[in-house]
>>> print(open('data.csv').read())   # CSV, C-alpha atoms and all ligand atoms
chain,number,residue,atom,x,y,z
A,1,MET,CA,11.9,12.1,-3.4
A,2,LYS,CA,8.3,11.9,-2.2
A,3,LEU,CA,7.1,12.7,1.3
A,4,LEU,CA,4.0,11.0,2.7
A,5,LEU,CA,2.5,12.7,5.8
A,6,TRP,CA,-0.1,10.5,7.5
A,7,ASP,CA,-3.1,11.2,9.7
A,8,ILE,CA,-3.8,8.5,12.2
A,9,ASP,CA,-7.4,8.2,13.4
A,10,GLY,CA,-9.7,7.1,10.6
A,11,THR,CA,-6.8,6.8,8.2
A,12,LEU,CA,-4.3,4.3,9.6
A,13,LEU,CA,-6.4,3.1,12.5
A,14,SER,CA,-10.1,2.6,13.3
A,15,THR,CA,-10.1,3.4,17.0
A,16,GLY,CA,-13.8,2.5,17.4
A,17,GLY,CA,-14.3,5.3,19.8
A,18,ALA,CA,-11.4,4.3,22.1
A,19,GLY,CA,-10.2,7.9,22.2
A,20,MET,CA,-13.6,9.2,23.2
A,21,ARG,CA,-14.1,6.6,25.9
A,22,ALA,CA,-10.6,7.5,27.3
A,23,LEU,CA,-11.5,11.2,27.3
A,24,GLU,CA,-14.8,10.4,29.1
A,25,SER,CA,-13.0,8.4,31.7
A,26,ALA,CA,-10.4,11.3,32.0
A,27,VAL,CA,-13.2,13.8,32.5
A,28,ALA,CA,-14.8,11.6,35.2
A,29,ALA,CA,-11.5,11.0,37.0
A,30,GLU,CA,-10.3,14.6,37.0
A,31,PHE,CA,-13.3,16.8,37.2
A,32,ASN,CA,-15.6,14.9,39.6
A,33,LEU,CA,-18.4,14.6,37.1
A,34,PRO,CA,-20.6,11.6,36.2
A,35,ARG,CA,-18.8,8.8,34.4
A,36,HIS,CA,-21.0,8.8,31.3
A,37,ILE,CA,-21.1,12.5,30.6
A,38,ASP,CA,-22.1,12.8,26.9
A,39,LEU,CA,-19.2,14.0,24.8
A,40,GLY,CA,-20.7,12.5,21.7
A,41,GLN,CA,-21.9,15.7,20.3
A,42,ILE,CA,-18.4,17.2,20.1
A,43,ASP,CA,-17.1,17.2,16.5
A,44,TRP,CA,-13.6,15.8,17.0
A,45,ALA,CA,-12.7,14.4,13.7
A,46,GLY,CA,-9.5,16.0,12.4
A,47,ARG,CA,-9.1,18.3,15.3
A,48,THR,CA,-6.0,18.4,17.6
A,49,ASP,CA,-6.0,17.0,21.1
A,50,GLY,CA,-5.4,20.4,22.5
A,51,TRP,CA,-8.4,21.8,20.5
A,52,ILE,CA,-10.6,18.9,21.6
A,53,ALA,CA,-9.6,19.5,25.3
A,54,GLU,CA,-10.8,23.1,25.0
A,55,LEU,CA,-14.1,21.9,23.5
A,56,ILE,CA,-14.6,19.4,26.3
A,57,CYS,CA,-13.8,22.0,29.0
A,58,ASP,CA,-16.5,24.2,27.4
A,59,ARG,CA,-18.9,21.3,27.3
A,60,ILE,CA,-18.5,20.4,30.9
A,61,GLY,CA,-18.5,24.0,32.1
A,62,VAL,CA,-14.8,24.1,33.2
A,63,PRO,CA,-12.6,27.1,32.1
A,64,HIS,CA,-10.2,25.9,29.4
A,65,THR,CA,-7.1,27.1,31.1
A,66,PRO,CA,-3.8,25.5,30.2
A,67,GLU,CA,-3.9,23.8,33.7
A,68,ASN,CA,-7.3,22.2,33.0
A,69,THR,CA,-6.5,21.1,29.4
A,70,ASP,CA,-3.1,19.6,30.6
A,71,ARG,CA,-4.8,17.8,33.4
A,72,LEU,CA,-7.5,16.4,31.1
A,73,LEU,CA,-4.9,15.3,28.5
A,74,SER,CA,-2.5,13.7,31.0
A,75,ALA,CA,-5.3,11.6,32.4
A,76,TYR,CA,-6.4,10.7,28.8
A,77,VAL,CA,-3.0,9.5,27.8
A,78,ALA,CA,-2.8,7.3,31.0
A,79,LEU,CA,-6.2,5.8,30.3
A,80,LEU,CA,-5.8,5.3,26.5
A,81,PRO,CA,-4.0,1.9,26.4
A,82,SER,CA,-6.8,0.1,28.3
A,83,HIS,CA,-9.4,1.5,25.9
A,84,LEU,CA,-7.4,0.7,22.8
A,85,GLU,CA,-7.5,-3.0,23.5
A,86,GLU,CA,-11.3,-3.1,23.2
A,87,THR,CA,-12.0,-1.9,19.7
A,88,THR,CA,-9.1,-0.5,17.8
A,89,GLU,CA,-7.8,-2.0,14.6
A,90,VAL,CA,-5.5,-1.3,11.7
A,91,LEU,CA,-7.5,-0.3,8.6
A,92,PRO,CA,-7.3,-2.5,5.5
A,93,GLY,CA,-4.2,-2.2,3.4
A,94,VAL,CA,-2.4,0.1,5.8
A,95,ARG,CA,0.3,-2.2,7.0
A,96,GLU,CA,1.2,-3.2,3.5
A,97,ILE,CA,1.5,0.4,2.2
A,98,LEU,CA,3.5,1.6,5.2
A,99,GLU,CA,5.9,-1.3,4.8
A,100,ALA,CA,6.2,-0.7,1.0
A,101,ALA,CA,6.8,3.0,1.6
A,102,HIS,CA,9.4,2.1,4.2
A,103,GLN,CA,11.2,-0.1,1.7
A,104,HIS,CA,10.9,2.4,-1.2
A,105,PRO,CA,14.2,4.3,-1.8
A,106,ASP,CA,12.4,7.4,-3.1
A,107,VAL,CA,9.7,7.7,-0.4
A,108,GLN,CA,9.9,9.2,3.1
A,109,GLN,CA,7.1,9.1,5.5
A,110,GLY,CA,6.1,10.8,8.7
A,111,LEU,CA,3.0,11.8,10.7
A,112,LEU,CA,0.8,14.9,10.6
A,113,THR,CA,-1.7,14.3,13.3
A,114,GLY,CA,-3.9,16.0,15.8
A,115,ASN,CA,-2.8,13.5,18.4
A,116,MET,CA,-0.2,14.4,21.0
A,117,GLU,CA,3.1,12.6,20.3
A,118,VAL,CA,2.6,10.4,23.4
A,119,GLY,CA,-0.9,9.5,22.2
A,120,ALA,CA,0.3,8.8,18.7
A,121,ARG,CA,3.0,6.6,20.0
A,122,THR,CA,0.6,4.7,22.3
A,123,LYS,CA,-1.9,4.1,19.5
A,124,LEU,CA,0.6,3.1,16.7
A,125,GLY,CA,2.9,1.3,19.1
A,126,TYR,CA,0.1,-0.9,20.1
A,127,PHE,CA,0.1,-2.3,16.6
A,128,ASP,CA,3.9,-2.2,16.1
A,129,LEU,CA,3.5,0.7,13.5
A,130,TRP,CA,5.3,3.4,15.4
A,131,ASP,CA,8.7,2.7,14.0
A,132,TYR,CA,7.5,3.6,10.5
A,133,PHE,CA,7.4,7.2,11.5
A,134,PRO,CA,10.8,8.7,12.4
A,135,PHE,CA,9.4,12.2,12.5
A,136,GLY,CA,6.1,14.1,12.5
A,137,ALA,CA,4.0,17.0,13.6
A,138,PHE,CA,1.7,16.6,16.6
A,139,ALA,CA,-0.8,18.4,18.7
A,140,ASP,CA,2.1,19.4,21.0
A,141,ASP,CA,3.3,21.7,18.2
A,142,SER,CA,0.0,23.6,17.9
A,143,SER,CA,-3.7,23.2,18.8
A,144,GLN,CA,-4.5,24.4,15.2
A,145,ARG,CA,-4.2,21.7,12.6
A,146,ASN,CA,-3.4,24.2,9.9
A,147,ASP,CA,-0.2,25.1,11.7
A,148,LEU,CA,1.1,21.6,11.7
A,149,GLY,CA,2.2,21.3,8.1
A,150,PRO,CA,5.3,23.6,8.4
A,151,HIS,CA,6.4,21.7,11.6
A,152,ALA,CA,6.1,18.4,9.7
A,153,LEU,CA,8.1,19.7,6.7
A,154,ARG,CA,10.8,21.2,8.9
A,155,ARG,CA,11.3,17.8,10.7
A,156,ALA,CA,11.2,15.9,7.4
A,157,ILE,CA,14.0,18.1,6.1
A,158,ALA,CA,16.0,17.8,9.3
A,159,HIS,CA,15.6,14.0,9.4
A,160,THR,CA,16.2,13.2,5.7
A,161,GLY,CA,18.4,16.0,4.5
A,162,HIS,CA,16.2,16.4,1.5
A,163,THR,CA,14.0,19.3,0.6
A,164,PHE,CA,10.6,18.4,-0.8
A,165,GLU,CA,8.8,20.2,-3.6
A,166,PRO,CA,5.2,20.8,-2.6
A,167,ALA,CA,4.1,18.7,-5.6
A,168,ASN,CA,6.0,15.7,-4.0
A,169,VAL,CA,4.4,16.1,-0.6
A,170,TRP,CA,1.2,14.1,0.1
A,171,ILE,CA,-1.0,14.7,3.1
A,172,ILE,CA,-3.2,11.6,3.6
A,173,GLY,CA,-6.2,11.9,5.9
A,174,ASP,CA,-9.9,11.2,6.4
A,175,THR,CA,-11.3,14.6,7.2
A,176,PRO,CA,-11.8,18.1,5.6
A,177,HIS,CA,-9.3,19.3,8.2
A,178,ASP,CA,-6.6,17.1,6.7
A,179,ILE,CA,-7.3,18.5,3.2
A,180,ALA,CA,-7.3,22.1,4.5
A,181,CYS,CA,-3.9,21.7,6.3
A,182,GLY,CA,-2.4,20.2,3.2
A,183,LYS,CA,-3.6,23.0,1.0
A,184,VAL,CA,-2.1,25.5,3.4
A,185,ILE,CA,1.4,24.3,2.6
A,186,GLY,CA,0.7,23.7,-1.1
A,187,ALA,CA,0.9,19.9,-0.7
A,188,LYS,CA,-1.1,17.3,-2.5
A,189,THR,CA,-3.9,15.9,-0.6
A,190,MET,CA,-5.3,12.3,-0.6
A,191,ALA,CA,-8.6,11.8,1.3
A,192,VAL,CA,-9.7,8.4,2.4
A,193,SER,CA,-13.3,7.7,3.4
A,194,THR,CA,-12.5,5.2,6.2
A,195,GLY,CA,-13.3,7.7,8.9
A,196,HIS,CA,-16.6,9.5,9.6
A,197,HIS,CA,-16.8,11.4,6.3
A,198,THR,CA,-18.3,10.0,3.1
A,199,THR,CA,-16.6,10.2,-0.2
A,200,ASP,CA,-19.2,12.9,-1.3
A,201,GLN,CA,-18.5,15.0,1.8
A,202,LEU,CA,-14.7,14.8,1.2
A,203,ALA,CA,-15.1,15.4,-2.5
A,204,SER,CA,-16.7,18.8,-1.8
A,205,HIS,CA,-13.4,19.9,-0.2
A,206,LYS,CA,-11.5,19.1,-3.4
A,207,PRO,CA,-8.7,16.8,-2.4
A,208,ASP,CA,-6.2,16.0,-5.2
A,209,ALA,CA,-7.2,12.3,-4.8
A,210,LEU,CA,-10.0,10.5,-3.1
A,211,VAL,CA,-10.1,6.8,-2.3
A,212,ARG,CA,-12.6,4.7,-0.4
A,213,ASP,CA,-9.9,3.0,1.6
A,214,LEU,CA,-6.2,1.9,1.3
A,215,ALA,CA,-6.9,-1.7,0.5
A,216,ASN,CA,-5.9,-1.3,-3.1
A,217,SER,CA,-2.2,-0.6,-2.8
A,218,ALA,CA,-1.7,-0.5,-6.6
A,219,LYS,CA,-4.1,2.4,-6.9
A,220,PHE,CA,-2.4,4.1,-4.0
A,221,TRP,CA,1.0,4.0,-5.6
A,222,GLN,CA,-0.5,5.0,-9.0
A,223,ILE,CA,-1.8,8.2,-7.3
A,224,ILE,CA,1.5,8.9,-5.5
A,225,GLY,CA,3.3,8.5,-8.8
B,301,MG,MG,-8.3,11.4,11.1
>>> encode(input="data.csv", output="C-alpha cells", more="lines below")
Ligand SMILES: [Mg+2]
Amino acid sequence: MKLLLWDIDGTLLSTGGAGMRALESAVAAEFNLPRHIDLGQIDWAGRTDGWIAELICDRIGVPHTPENTDRLLSAYVALLPSHLEETTEVLPGVREILEAAHQHPDVQQGLLTGNMEVGARTKLGYFDLWDYFPFGAFADDSSQRNDLGPHALRRAIAHTGHTFEPANVWIIGDTPHDIACGKVIGAKTMAVSTGHHTTDQLASHKPDALVRDLANSAKFWQIIG
C-alpha cells in the first residue's frame, strides 16, 4: 500500500497570489493599516499559515500574540473565497492523477499542507477536489511544517487501518520545506517545479524525484512504482 501526501499551493493549485491578496485585505481590515501594505517580501512558500501570520505581525509591527495571529487568520479565511475566483487554477495533470490515485486499490492519499484545514477546504473545494483527501495534516496541527509529517501518518493509519513503510510514503510538494518535512519522517520526496522554485533550486535539496510538473501522469506513476 502506497501513501501519497500532497502539498496544495504550487503543487495542486496555482493560486496566482490569491492567498497573499486575502492576507493583505485581512491586515487592512483588522489592523487599521493601508490597504496595499507590501507583504511581497515575505518568503511564504512552503510555510504554514500560523508561521506566515507571525511573519506578517512582525512585518507590520504588531506583536505576534495568539490573539493577533488568530484575528489575522480568521479574517484571511473569510476573505479567501472572493480572491480565489480571480486567479486560481488547478495545475496541469493534477485532476487526472488525483482521480487515478483515488481509483487505485493500492494507493491512499491525503494532505500535508501549511494551510489551515478551513483554508485547504476552501481552496480545494472551490475546484471540487476536497473529497479526494479524507485525511491530512494542516497548519492547525503545528506552525512548524517539519512537525506535520507524524500528524499526517497518524491520521492515515487511523483512516485506512494500514501502516505504511516509510519507503511507501511519498511527500509531494513544490518547495524545499516539503522535501525537508518528508525527510524528517523518512518518507520519499517528489519535488515539482510548478511553484516559485526552479528545478535547479529544488535539486540542491536532494528530493528522491524531481519533475517539472504533473502533466505526464505515466512518469508520475513510474516514479511512485
Ligand atoms: Mg507549496
>>> residues_around(input="data.csv", residues="range 111-126 of chain A", least_positions_apart="6", cutoff="10 Å", atoms="only C-alpha atoms", output="VMD selection string")
chain A and resid 4 to 9 12 to 13 15 18 to 19 44 to 52 73 to 74 76 to 78 80 to 81 84 to 85 88 to 90 132 to 145 148 to 149 151 to 153 156 171 to 173 177 to 178 181 to 182
>>> residues_around(input="data.csv", residues="Ile97 in chain A", least_positions_apart="6", cutoff="12 Å", atoms="only C-alpha atoms", output="VMD selection string")
chain A and resid 4 6 12 90 to 91 103 to 104 107 109 129 132 213 to 221 224
>>> closest_residue(input="data.csv", among="A:Thr194, A:Thr160, A:Thr175, A:Thr189", to="ligand MG 301 (chain B)", atoms="only C-alpha atoms and all ligand atoms")
A:Thr175
>>> axis_aligned_box(input="data.csv", around="range 19-35 of chain A", padding_each_side="3 Å", output="lines of an AutoDock Vina configuration file")
center_x = -15.4
center_y = 11.7
center_z = 30.9
size_x = 16.4
size_y = 16.2
size_z = 23.4
>>> closest_residue(input="data.csv", among="A:Glu99, A:Asp208, A:Glu165, A:Asp43", to="ligand MG 301 (chain B)", atoms="all atoms listed in the file")
A:Asp43
>>> closest_residue(input="data.csv", among="A:Gly61, A:Thr198, A:Asn168, A:Ala53", to="Asp106 in chain A", atoms="only C-alpha atoms")
A:Asn168
>>> atom_distance(input="data.csv", atom1="CA of Ala209 in chain A", atom2="CA of Gln41 in chain A")
29.3 Å
>>> atom_distance(input="data.csv", atom1="CA of Val211 in chain A", atom2="CA of Met190 in chain A")
7.5 Å
>>> closest_residue(input="data.csv", among="A:Gly186, A:Pro207, A:Pro166, A:Pro176", to="ligand MG 301 (chain B)", atoms="all atoms listed in the file")
A:Pro176
>>> atom_distance(input="data.csv", atom1="CA of Thr11 in chain A", atom2="CA of Ala191 in chain A")
8.7 Å
>>> closest_residue(input="data.csv", among="A:Ile223, A:Ser14, A:Val62, A:Ala22", to="Phe127 in chain A", atoms="only C-alpha atoms")
A:Ser14
>>> residues_around(input="data.csv", residues="Thr199 in chain A", least_positions_apart="6", cutoff="8 Å", atoms="all atoms listed in the file", output="list in words")
Val192, Ser193, Leu210, Val211 and Arg212 of chain A
>>> closest_residue(input="data.csv", among="A:Ile60, A:Ile179, A:Leu23, A:Leu33", to="ligand MG 301 (chain B)", atoms="only C-alpha atoms and all ligand atoms")
A:Ile179
>>> residues_around(input="data.csv", residues="Val169 in chain A", least_positions_apart="4", cutoff="7 Å", atoms="all atoms listed in the file", output="short mmCIF file (atom, residue, chain, number, x, y, z; two decimals) with C-alpha atoms, keeping the file's coordinate frame")
data_model
loop_
_atom_site.label_atom_id
_atom_site.label_comp_id
_atom_site.auth_asym_id
_atom_site.auth_seq_id
_atom_site.Cartn_x
_atom_site.Cartn_y
_atom_site.Cartn_z
CA LYS A 2 8.30 11.90 -2.20
CA LEU A 3 7.10 12.70 1.30
CA LEU A 4 4.00 11.00 2.70
CA PHE A 164 10.60 18.40 -0.80
CA GLU A 165 8.80 20.20 -3.60
CA ALA A 187 0.90 19.90 -0.70
CA LYS A 188 -1.10 17.30 -2.50
#
>>> residues_around(input="data.csv", residues="Met20 in chain A", least_positions_apart="5", cutoff="9 Å", atoms="all atoms listed in the file", output="ChimeraX atom specification")
/A:25,39-40
